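Visitor: File name entry-v3.txt; file contents compact mmCIF, C-alpha atoms; full text below.
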```txt
# COMPACT_ATOMS: atom_id res chain seq x y z
CA MET R 1 25.86 -14.83 -12.64
CA THR R 2 22.59 -16.09 -14.04
CA SER R 3 19.34 -15.86 -12.13
CA ALA R 4 19.07 -19.66 -12.09
CA LEU R 5 22.50 -20.07 -10.49
CA ARG R 6 21.72 -17.46 -7.84
CA LYS R 7 18.53 -19.33 -6.93
CA THR R 8 20.52 -22.55 -6.69
CA LEU R 9 23.12 -21.08 -4.36
CA ALA R 10 20.78 -19.11 -2.12
CA PRO R 11 19.18 -22.05 -0.28
CA VAL R 12 22.64 -23.54 0.36
CA ALA R 13 23.57 -20.38 2.21
CA SER R 14 20.64 -20.78 4.58
CA GLY R 15 21.92 -22.90 7.43
CA PHE R 16 24.29 -22.89 10.36
CA ASP R 17 27.16 -20.43 10.63
CA PHE R 18 29.78 -22.58 8.93
CA VAL R 19 27.48 -23.32 5.98
CA SER R 20 26.75 -19.62 5.58
CA ARG R 21 30.44 -18.69 5.52
CA ALA R 22 31.28 -21.33 2.91
CA SER R 23 28.39 -20.34 0.67
CA ALA R 24 29.28 -16.66 1.01
CA ALA R 25 32.81 -17.32 -0.25
CA ILE R 26 31.45 -19.05 -3.35
CA ALA R 27 28.92 -16.28 -3.94
CA ARG R 28 31.57 -13.56 -3.74
CA ARG R 29 33.63 -15.22 -6.47
CA LEU R 30 30.67 -15.72 -8.82
CA ARG R 31 28.63 -12.52 -8.39
CA PRO R 32 29.52 -9.22 -10.00
CA ARG R 33 30.46 -6.49 -7.54
CA ALA R 34 27.52 -4.40 -6.39
CA THR R 35 27.47 -0.69 -6.97
CA ALA R 36 27.14 1.87 -4.18
CA ALA R 37 24.00 3.18 -5.83
CA GLY R 38 22.06 0.19 -4.56
CA TYR R 39 21.66 1.41 -0.98
CA SER R 40 22.75 4.71 0.45
CA SER R 41 21.56 5.83 3.87
CA SER R 42 22.77 6.97 7.27
CA VAL R 43 20.31 5.16 9.56
CA ARG R 44 21.64 2.96 12.36
CA PHE R 45 19.06 0.21 12.01
CA ALA R 46 16.90 -1.24 9.26
CA VAL R 47 14.63 -4.17 8.50
CA LEU R 48 15.30 -6.40 5.53
CA PHE R 49 12.24 -8.06 4.03
CA ASP R 50 12.14 -10.56 1.21
CA GLY R 51 8.73 -11.92 0.33
CA SER R 52 5.58 -11.58 -1.73
CA VAL R 53 2.68 -9.20 -1.30
CA ALA R 54 0.78 -12.06 0.37
CA ALA R 55 3.56 -12.32 2.97
CA LEU R 56 3.56 -8.62 3.76
CA TYR R 57 1.68 -9.27 7.01
CA GLN R 58 5.00 -10.58 8.37
CA LEU R 59 6.56 -7.12 8.06
CA LYS R 60 3.38 -5.27 9.03
CA LEU R 61 3.48 -6.87 12.48
CA TRP R 62 6.80 -5.22 13.28
CA LEU R 63 6.61 -1.79 11.65
CA PRO R 64 4.72 -0.14 14.56
CA ILE R 65 7.27 -1.59 16.97
CA PHE R 66 10.23 -0.25 14.98
CA GLU R 67 8.61 3.18 14.96
CA LYS R 68 8.60 3.17 18.79
CA VAL R 69 12.40 2.75 18.98
CA GLY R 70 12.72 6.50 18.58
CA GLU R 71 15.07 6.93 15.66
CA PRO R 72 14.90 6.69 11.85
CA PHE R 73 15.03 3.29 10.19
CA ASP R 74 14.90 1.93 6.64
CA VAL R 75 12.93 -0.85 5.01
CA ILE R 76 15.08 -2.81 2.53
CA ILE R 77 13.39 -5.06 -0.01
CA ARG R 78 14.15 -7.06 -3.19
CA ASN R 79 10.63 -7.25 -4.62
CA GLY R 80 9.64 -4.01 -6.36
CA ASP R 81 5.96 -4.99 -6.24
CA LEU R 82 6.03 -4.31 -2.50
CA VAL R 83 7.01 -0.64 -2.70
CA PRO R 84 3.53 0.94 -2.98
CA HIS R 85 2.11 -1.43 -0.36
CA ILE R 86 4.83 -0.74 2.22
CA LYS R 87 4.60 3.01 1.69
CA LYS R 88 0.98 2.77 2.84
CA LEU R 89 2.14 1.13 6.08
CA THR R 90 5.03 3.34 7.17
CA LYS R 91 6.73 6.68 6.61
CA ALA R 92 10.14 4.99 6.78
CA PRO R 93 12.15 5.09 3.52
CA VAL R 94 11.78 2.00 1.34
CA HIS R 95 14.93 0.92 -0.50
CA LEU R 96 14.73 -1.48 -3.42
CA VAL R 97 18.02 -3.39 -3.47
CA LYS R 98 18.61 -5.94 -6.22
CA HIS R 99 21.37 -7.77 -4.36
CA PHE R 100 21.46 -7.70 -0.57
CA GLU R 101 25.25 -7.54 -0.58
CA GLN R 102 24.75 -3.85 -1.33
CA VAL R 103 23.46 -3.29 2.20
CA PRO R 104 26.91 -2.81 3.83
CA ASN R 105 27.39 0.31 1.68
CA ASN R 106 25.66 2.03 4.60
CA ARG R 107 28.61 2.42 6.97
CA GLU R 108 26.39 3.73 9.80
CA LEU R 109 24.24 0.60 9.91
CA LYS R 110 24.66 -1.25 13.21
CA LEU R 111 21.54 -3.40 13.39
CA LEU R 112 19.59 -5.26 10.71
CA PHE R 113 16.31 -7.00 11.55
CA TYR R 114 14.75 -9.95 9.68
CA VAL R 115 11.12 -11.07 10.07
CA ASN R 116 10.94 -14.37 8.16
CA ASN R 117 12.96 -17.34 6.88
CA ALA R 118 13.39 -16.09 3.31
CA PRO R 119 16.29 -17.87 1.55
CA TYR R 120 17.86 -14.59 0.42
CA ASN R 121 18.32 -13.43 4.03
CA SER R 122 21.75 -15.05 3.85
CA ASP R 123 22.89 -12.53 1.22
CA ALA R 124 23.00 -9.85 3.92
CA ALA R 125 23.36 -11.91 7.11
CA LYS R 126 26.83 -13.10 6.09
CA TYR R 127 28.40 -9.66 6.52
CA PRO R 128 30.30 -8.86 9.77
CA GLY R 129 30.21 -5.43 11.36
CA ILE R 130 26.40 -5.50 11.54
CA VAL R 131 24.34 -7.18 14.25
CA HIS R 132 21.89 -9.38 12.34
CA VAL R 133 18.76 -10.12 14.39
CA GLN R 134 16.11 -12.66 13.43
CA LEU R 135 12.67 -11.76 14.83
CA LEU R 136 10.37 -14.01 12.81
CA HIS R 137 6.76 -12.85 12.64
CA GLY R 138 5.22 -14.95 15.36
CA ASP R 139 5.86 -17.69 17.88
CA SER R 140 4.37 -21.08 17.12
CA GLU R 141 5.14 -24.78 17.39
CA LYS R 142 5.49 -25.12 13.61
CA THR R 143 8.80 -25.89 11.91
CA ALA R 144 9.36 -22.24 10.96
CA SER R 145 9.96 -21.51 14.64
CA PHE R 146 12.92 -23.88 14.89
CA ASN R 147 14.42 -23.62 11.41
CA PRO R 148 18.17 -24.48 11.45
CA ALA R 149 18.79 -21.45 9.22
CA THR R 150 18.19 -19.27 12.27
CA GLY R 151 21.66 -20.22 13.45
CA MET R 152 23.32 -17.91 10.91
CA PHE R 153 22.11 -14.74 12.63
CA THR R 154 24.10 -12.82 15.24
CA LYS R 155 21.14 -12.70 17.63
CA ILE R 156 17.74 -14.36 17.74
CA PHE R 157 15.04 -12.36 19.51
CA VAL R 158 12.42 -14.79 20.82
CA SER R 159 9.25 -14.41 22.83
CA GLY R 160 10.21 -16.62 25.77
CA GLN R 161 12.15 -19.58 27.07
CA ALA R 162 9.73 -21.92 25.28
CA ALA R 163 11.14 -20.71 21.96
CA VAL R 164 14.71 -21.44 23.04
CA ASP R 165 13.82 -24.91 24.27
CA ARG R 166 11.88 -25.63 21.07
CA TYR R 167 15.06 -25.55 18.99
CA GLU R 168 16.89 -28.00 21.24
CA ARG R 169 13.83 -30.24 21.63
CA ASN R 170 13.73 -30.61 17.86
CA GLY R 171 17.44 -31.33 17.50
CA VAL R 172 18.47 -27.85 16.31
CA LEU R 173 21.51 -26.88 18.35
CA ILE R 174 22.28 -23.16 18.45
CA ARG R 175 24.52 -21.41 20.95
CA LYS R 176 22.45 -20.18 23.89
CA GLU R 177 24.11 -16.75 23.89
CA LYS R 178 22.49 -15.99 20.55
CA PHE R 179 19.00 -16.00 22.07
CA VAL R 180 17.48 -12.90 23.67
CA LEU R 181 14.11 -13.13 25.42
CA VAL R 182 12.08 -10.08 24.39
CA GLY R 183 8.46 -11.10 24.95
CA ARG R 184 5.88 -10.13 22.34
CA PRO R 185 5.84 -6.34 21.93
CA GLN R 186 2.75 -6.59 19.67
CA LEU R 187 0.63 -7.64 22.64
CA ALA R 188 0.51 -4.26 24.37
CA ASP R 189 -3.14 -3.77 23.40
CA ILE R 190 -4.38 -7.22 24.43
CA LYS R 191 -6.58 -7.15 27.52
CA VAL R 192 -6.19 -9.83 30.16
CA ALA R 193 -9.42 -11.61 31.10
CA SER R 194 -10.90 -10.38 34.37
CA LYS R 195 -13.99 -12.58 34.61
CA PRO R 196 -15.53 -15.66 32.96
CA ALA R 197 -17.52 -15.17 29.77
CA GLY R 198 -21.30 -15.26 29.77
CA LYS R 199 -23.57 -17.99 28.43
CA ARG R 200 -23.39 -16.76 24.81
CA LYS R 201 -19.75 -16.63 23.87
CA THR R 202 -17.79 -15.06 21.07
CA VAL R 203 -15.59 -17.82 19.65
CA LEU R 204 -12.57 -17.04 17.49
CA ILE R 205 -11.84 -19.74 14.90
CA ALA R 206 -8.27 -19.14 13.67
CA PRO R 207 -6.68 -22.12 11.89
CA THR R 208 -3.18 -22.00 10.45
CA TRP R 209 -2.46 -22.57 6.76
CA GLY R 210 -1.68 -25.87 5.05
CA GLY R 211 1.86 -25.22 3.86
CA SER R 212 3.58 -27.05 6.69
CA ALA R 213 6.54 -29.40 6.71
CA ASP R 214 6.41 -32.70 4.87
CA GLY R 215 4.86 -35.41 7.00
CA GLU R 216 3.22 -32.93 9.38
CA VAL R 217 -0.44 -31.91 9.28
CA TYR R 218 -1.07 -28.74 11.23
CA THR R 219 -4.03 -26.93 9.72
CA SER R 220 -7.53 -27.51 11.02
CA LEU R 221 -9.12 -25.32 8.34
CA GLY R 222 -11.01 -28.29 6.92
CA LEU R 223 -12.91 -28.60 10.20
CA ALA R 224 -13.94 -24.94 10.30
CA PRO R 225 -17.32 -25.48 8.56
CA ALA R 226 -18.29 -28.20 11.06
CA TYR R 227 -17.22 -26.07 14.01
CA THR R 228 -19.10 -23.11 12.60
CA ARG R 229 -22.32 -25.12 12.22
CA GLU R 230 -22.03 -26.42 15.79
CA LEU R 231 -21.34 -22.98 17.26
CA ILE R 232 -24.33 -21.57 15.41
CA ARG R 233 -26.49 -24.44 16.73
CA LEU R 234 -25.29 -23.75 20.27
CA GLY R 235 -26.16 -20.07 19.89
CA HIS R 236 -22.67 -18.58 19.99
CA ARG R 237 -21.10 -15.74 18.00
CA VAL R 238 -18.30 -16.64 15.59
CA VAL R 239 -15.24 -14.65 14.57
CA PHE R 240 -13.53 -16.42 11.67
CA ARG R 241 -9.92 -15.46 10.91
CA PRO R 242 -8.03 -17.97 8.72
CA HIS R 243 -4.31 -17.59 8.07
CA PRO R 244 -3.57 -15.07 5.27
CA PHE R 245 -1.78 -17.74 3.20
CA SER R 246 -4.91 -19.92 3.12
CA HIS R 247 -6.39 -17.58 0.53
CA ARG R 248 -3.65 -18.58 -1.95
CA ASP R 249 -4.87 -22.17 -2.28
CA ALA R 250 -8.04 -22.82 -4.29
CA SER R 251 -9.28 -25.68 -2.10
CA ASP R 252 -8.61 -23.72 1.11
CA ARG R 253 -10.32 -20.69 -0.36
CA ALA R 254 -13.37 -22.83 -1.07
CA ILE R 255 -13.51 -23.87 2.59
CA ILE R 256 -13.18 -20.25 3.70
CA GLU R 257 -16.06 -19.21 1.46
CA GLN R 258 -18.15 -22.09 2.80
CA VAL R 259 -17.72 -20.74 6.33
CA TRP R 260 -18.60 -17.25 5.12
CA GLU R 261 -21.82 -18.55 3.59
CA LEU R 262 -22.78 -20.33 6.82
CA LEU R 263 -22.25 -17.19 8.86
CA LYS R 264 -24.04 -15.00 6.35
CA ALA R 265 -27.02 -17.36 6.27
CA ASP R 266 -27.29 -17.28 10.07
CA GLY R 267 -27.78 -13.53 9.89
CA LYS R 268 -26.36 -12.80 13.35
CA ASP R 269 -23.52 -10.53 14.50
CA HIS R 270 -20.72 -12.82 13.36
CA LEU R 271 -17.44 -11.38 12.05
CA TYR R 272 -15.76 -12.77 8.92
CA GLY R 273 -14.06 -11.66 5.74
CA PRO R 274 -12.25 -8.30 5.83
CA ALA R 275 -14.06 -7.34 9.05
CA ALA R 276 -12.20 -10.12 10.88
CA GLU R 277 -9.02 -10.47 8.80
CA SER R 278 -7.81 -7.05 7.70
CA GLU R 279 -9.97 -4.34 9.25
CA ARG R 280 -9.11 -5.55 12.75
CA THR R 281 -5.74 -6.44 14.24
CA VAL R 282 -4.97 -9.68 16.05
CA SER R 283 -5.19 -7.79 19.35
CA GLN R 284 -8.64 -6.47 18.47
CA VAL R 285 -10.10 -9.87 17.56
CA VAL R 286 -8.56 -11.39 20.69
CA ASN R 287 -10.11 -8.67 22.87
CA LEU R 288 -13.63 -9.16 21.49
CA SER R 289 -13.49 -12.98 21.74
CA ASP R 290 -14.01 -15.24 24.74
CA VAL R 291 -12.66 -18.57 23.47
CA LEU R 292 -10.16 -19.55 20.76
CA ILE R 293 -10.32 -22.62 18.52
CA SER R 294 -7.04 -23.12 16.66
CA ASP R 295 -4.25 -25.63 16.05
CA LEU R 296 -0.55 -24.77 15.95
CA SER R 297 -1.06 -21.29 14.59
CA GLY R 298 1.10 -18.47 15.94
CA ILE R 299 -2.07 -16.73 17.11
CA VAL R 300 -2.24 -19.21 20.01
CA SER R 301 0.85 -17.72 21.69
CA ASP R 302 -0.62 -14.24 21.31
CA TRP R 303 -3.97 -15.40 22.66
CA LEU R 304 -2.19 -16.93 25.65
CA TYR R 305 -1.34 -13.42 26.86
CA SER R 306 -5.06 -12.81 27.53
CA LEU R 307 -5.25 -15.89 29.79
CA LYS R 308 -8.61 -16.77 28.22
CA PRO R 309 -9.53 -20.42 27.43
CA TYR R 310 -8.58 -22.10 24.17
CA LEU R 311 -9.12 -25.35 22.29
CA LEU R 312 -6.36 -26.79 20.11
CA VAL R 313 -7.01 -29.28 17.32
CA SER R 314 -4.58 -32.17 16.89
CA MET R 315 -4.82 -33.38 13.31
CA ASP R 316 -2.63 -36.49 13.53
CA GLU R 317 -1.87 -37.34 17.17
CA SER R 318 -3.79 -38.31 20.29
CA PRO R 319 -4.44 -35.50 22.79
CA ALA R 320 -1.89 -37.05 25.18
CA LYS R 321 0.88 -37.19 22.55
CA PHE R 322 -0.03 -33.75 21.25
CA THR R 323 0.18 -32.21 24.72
CA LYS R 324 3.51 -33.91 25.46
CA ARG R 325 4.96 -32.65 22.20
CA TYR R 326 3.60 -29.10 22.45
CA PRO R 327 3.68 -27.66 25.98
CA ILE R 328 1.27 -24.83 25.13
CA ALA R 329 -1.47 -27.46 24.87
CA GLU R 330 -1.31 -27.97 28.64
CA GLY R 331 -3.32 -24.79 29.10
CA GLY R 332 -6.26 -25.76 26.91
CA ASN R 333 -8.50 -28.57 25.78
CA VAL R 334 -7.19 -30.69 22.90
CA LEU R 335 -9.57 -32.00 20.24
CA THR R 336 -9.08 -34.64 17.60
CA GLN R 337 -10.78 -34.50 14.22
CA LYS R 338 -13.56 -36.76 15.53
CA ASP R 339 -14.42 -34.67 18.60
CA ALA R 340 -17.50 -32.45 18.52
CA LEU R 341 -17.77 -29.06 20.20
CA THR R 342 -19.80 -28.80 23.38
CA ASN R 343 -20.65 -25.99 25.76
CA GLU R 344 -18.65 -27.83 28.40
CA LEU R 345 -15.51 -27.57 26.29
CA LEU R 346 -16.12 -23.88 25.65
CA ASN R 347 -16.52 -23.07 29.35
CA ASP R 348 -13.39 -22.21 31.30
CA ASP R 349 -11.82 -24.74 33.64
CA ALA R 350 -10.22 -23.60 36.90
CA LYS R 351 -7.35 -26.08 36.65
CA LEU R 352 -6.57 -25.09 33.08
CA ALA R 353 -6.77 -21.41 34.02
CA ALA R 354 -4.09 -21.95 36.68
CA LYS R 355 -1.88 -23.77 34.16
CA ARG R 356 -2.25 -20.97 31.61
CA LYS R 357 -0.73 -18.51 34.06
CA LYS R 358 2.43 -20.64 34.33
CA ILE R 359 2.56 -21.45 30.63
CA ARG R 360 2.26 -17.77 29.72
CA ALA R 361 5.41 -16.95 31.70
CA TYR R 362 7.21 -19.75 29.83
CA TYR R 363 6.09 -18.62 26.38
CA ILE R 364 6.08 -14.84 26.86
CA ALA R 365 8.96 -13.35 28.82
CA GLY R 366 8.00 -10.48 31.09
CA ALA R 367 4.26 -11.06 30.64
CA ASP R 368 3.64 -10.84 34.39
CA THR R 369 6.02 -7.99 35.25
CA GLN R 370 6.91 -5.89 32.18
CA LYS R 371 5.17 -3.74 29.62
CA ALA R 372 4.75 -5.80 26.46
CA ASP R 373 7.46 -3.94 24.51
CA ALA R 374 9.87 -3.25 27.40
CA LEU R 375 12.26 -6.16 26.84
CA PHE R 376 12.38 -5.63 23.09
CA MET R 377 13.20 -1.95 23.47
CA LYS R 378 15.88 -2.69 26.05
CA ALA R 379 17.56 -5.30 23.84
CA THR R 380 17.37 -3.12 20.72
CA LYS R 381 18.78 -0.03 22.41
CA ALA R 382 21.59 -2.08 23.95
CA ILE R 383 22.74 -3.04 20.44
CA LEU R 384 22.41 0.54 19.22
CA GLY R 385 24.32 1.84 22.23
CA LYS R 386 21.54 4.06 23.56
```
Write the structure described by the file as structure tokens, please.

Guide:
Amino acid sequence: MTSALRKTLAPVASGFDFVSRASAAIARRLRPRATAAGYSSSVRFAVLFDGSVAALYQLKLWLPIFEKVGEPFDVIIRNGDLVPHIKKLTKAPVHLVKHFEQVPNNRELKLLFYVNNAPYNSDAAKYPGIVHVQLLHGDSEKTASFNPATGMFTKIFVSGQAAVDRYERNGVLIRKEKFVLVGRPQLADIKVASKPAGKRKTVLIAPTWGGSADGEVYTSLGLAPAYTRELIRLGHRVVFRPHPFSHRDASDRAIIEQVWELLKADGKDHLYGPAAESERTVSQVVNLSDVLISDLSGIVSDWLYSLKPYLLVSMDESPAKFTKRYPIAEGGNVLTQKDALTNELLNDDAKLAAKRKKIRAYYIAGADTQKADALFMKATKAILGK
């Protein structure tokens, strides 16, 4: 089959279970049979990743967690450009597989993880005999976190009940037994706030990227220069961490560089560029910051674990409508594009602090009672029979 035809069929296969089965039948008739040489291994679980080098952060989030499971695993990819990059991140074998239908050649494989909504996930997810688990790479209120294509997987590991309700709230109906609440195992290193911040605060500005669904405006990146100027004027320290995908767009990149210039010109102990984006993990920038300014980025759910105050920017709705639509907003102050930053907004509020405690339990299962990775390990080992 030609490359063009494969690209045409692949998106069709991404949907609910019945769509996946129908598309798989068509694909089997049109594709040549794969050879056993494509993937040969004896591991019991693996992660399948389809994406670009720019999207590699999605896999990077999960590799340390997979390594804690306690048994060998494979990384299976389609893009050969990723091989040298992934080998720097893990000692796990990296298998380059041209067609994902070669994956079932491993007869020992019981569990296959996925970390994004790549169209070609359906090439492997259609096969029975393997438990296919969608993890995604973060929990947010954006459309990626309630994509109908998630319904094709055997199980969907989600952070908390909020993620389950998000699908139904947005009209995506998936059988409840597919969902497993596993918390956020990446949050083990995040420290929970023990006391209010001082007068001079470290403020993390972390807007999402602009590639959202049609008709929805999520990113507040365009406001980052104004927020940076105001924080500098108020005497605060800034940590600037835009979404990795924002660097791919020329106009977004220009905004990022504008913020860098502002912080550089101030000459203080601000963090930006590689120091904030790649040399430090999300947990590390959360731990050194006192307040978050974001929008609907997945970093908000991670920040919530710390119970520290946050401000969310609504780009196209009133604060009241925004809060009603996105429950996580109940724990923070909501700004519109016209609202200026003030010290009052940056200071914690006792009522909001109490709400954050309840919201955290809703968004992150086990946050109050379990180690961050406990539920994930339990669910994974149950599938593997350990």

Visitor: List the spatial neighbours of Trp209 (chain R) as a ChimeraX atom specification - criterion: any atom at most 9 Å away, all atoms listed in the file, same-chain residues fewer than 5 positions off excluded.

Guide: /R:218-221,242-247,252,297

Visitor: Calculated over only C-alpha atoms, which of the candidates R:Ser122, R:Ser140, R:Ser159, R:Asn117 has the smallest distance to Ile299 (chain R)?

Guide: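 Result for the nearest residue to Ile299 (chain R): R:Ser140.
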
Visitor: One decimal, Å: what's the distance from CA of Val313 (chain R) over to CA of Asp290 (chain R), could you say?

Guide: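 These atoms are spaced 17.4 Å apart.
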
Visitor: Work out how far CA of Gln258 (chain R) is from CA of Glu141 (chain R), in Å to one decimal.

Guide: 27.6 Å

Visitor: For Leu288 (chain R), which residue out of R:Leu262, R:Ile364, R:Leu135, R:Leu204 is the nearest one, using all atoms listed in the file?

Guide: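 Among the listed residues, the smallest separation from Leu288 (chain R) belongs to R:Leu204.
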
Visitor: My list of candidates is R:Ala354, R:Val300, R:Ala46, R:Val83. Which is closest to Pro207 (chain R) when distances are computed with all atoms listed in the file?

Guide: R:Val300

Visitor: Kindly indicate which residue among R:Val164, R:Ile77, R:Ile190, R:Leu307 lies nearest to Gln284 (chain R), using all atoms listed in the file for the distances.

Guide: R:Ile190

Visitor: Would you be able to write out as a list in words which residues have an atom within 10 Å of (2.1, -19.4, 30.8) in the file's coordinates, counting all atoms listed in the file?

Guide: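 Returned residue set, sorted by chain then number, is Gly160, Ala162, Ser301, Leu304, Tyr305, Leu307, Pro327, Ile328, Glu330, Gly331, Ala353, Ala354, Lys355, Arg356, Lys357, Lys358, Ile359, Arg360, Ala361, Tyr362, Tyr363, Ile364, Ala365, Ala367 and Asp368 of chain R.
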
Visitor: So that I can see what lies close to Asp339 (chain R), please list as a PyMOL selection string the residues with an atom at most 12 Å from it, counting only C-alpha atoms and leaving out residues fewer than 6 positions away in the same chain.

Guide: chain R and resi 223+226-227+230+311-315+318-319+333+345

Visitor: Please measure the separation of CA of Val182 (chain R) and CA of Asp373 (chain R), giving the value in Å to one decimal.

Guide: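 Atom-to-atom, CA of Val182 (chain R) and CA of Asp373 (chain R) are spaced 7.7 Å apart.
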
Visitor: Find the spatial neighbours of Ala374 (chain R), counting all atoms listed in the file, within a cut-off of 12 Å - ignore same-chain residues fewer than 3 positions away - and output them as a list in words.

Guide: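 Those residues are Ile65, Lys68, Val69, Leu181, Val182, Gly183, Arg184, Pro185, Gln186, Leu187, Ala188, Ala365, Gly366, Ala367, Thr369, Gln370, Lys371, Met377, Lys378, Ala379, Thr380 and Lys381 of chain R.
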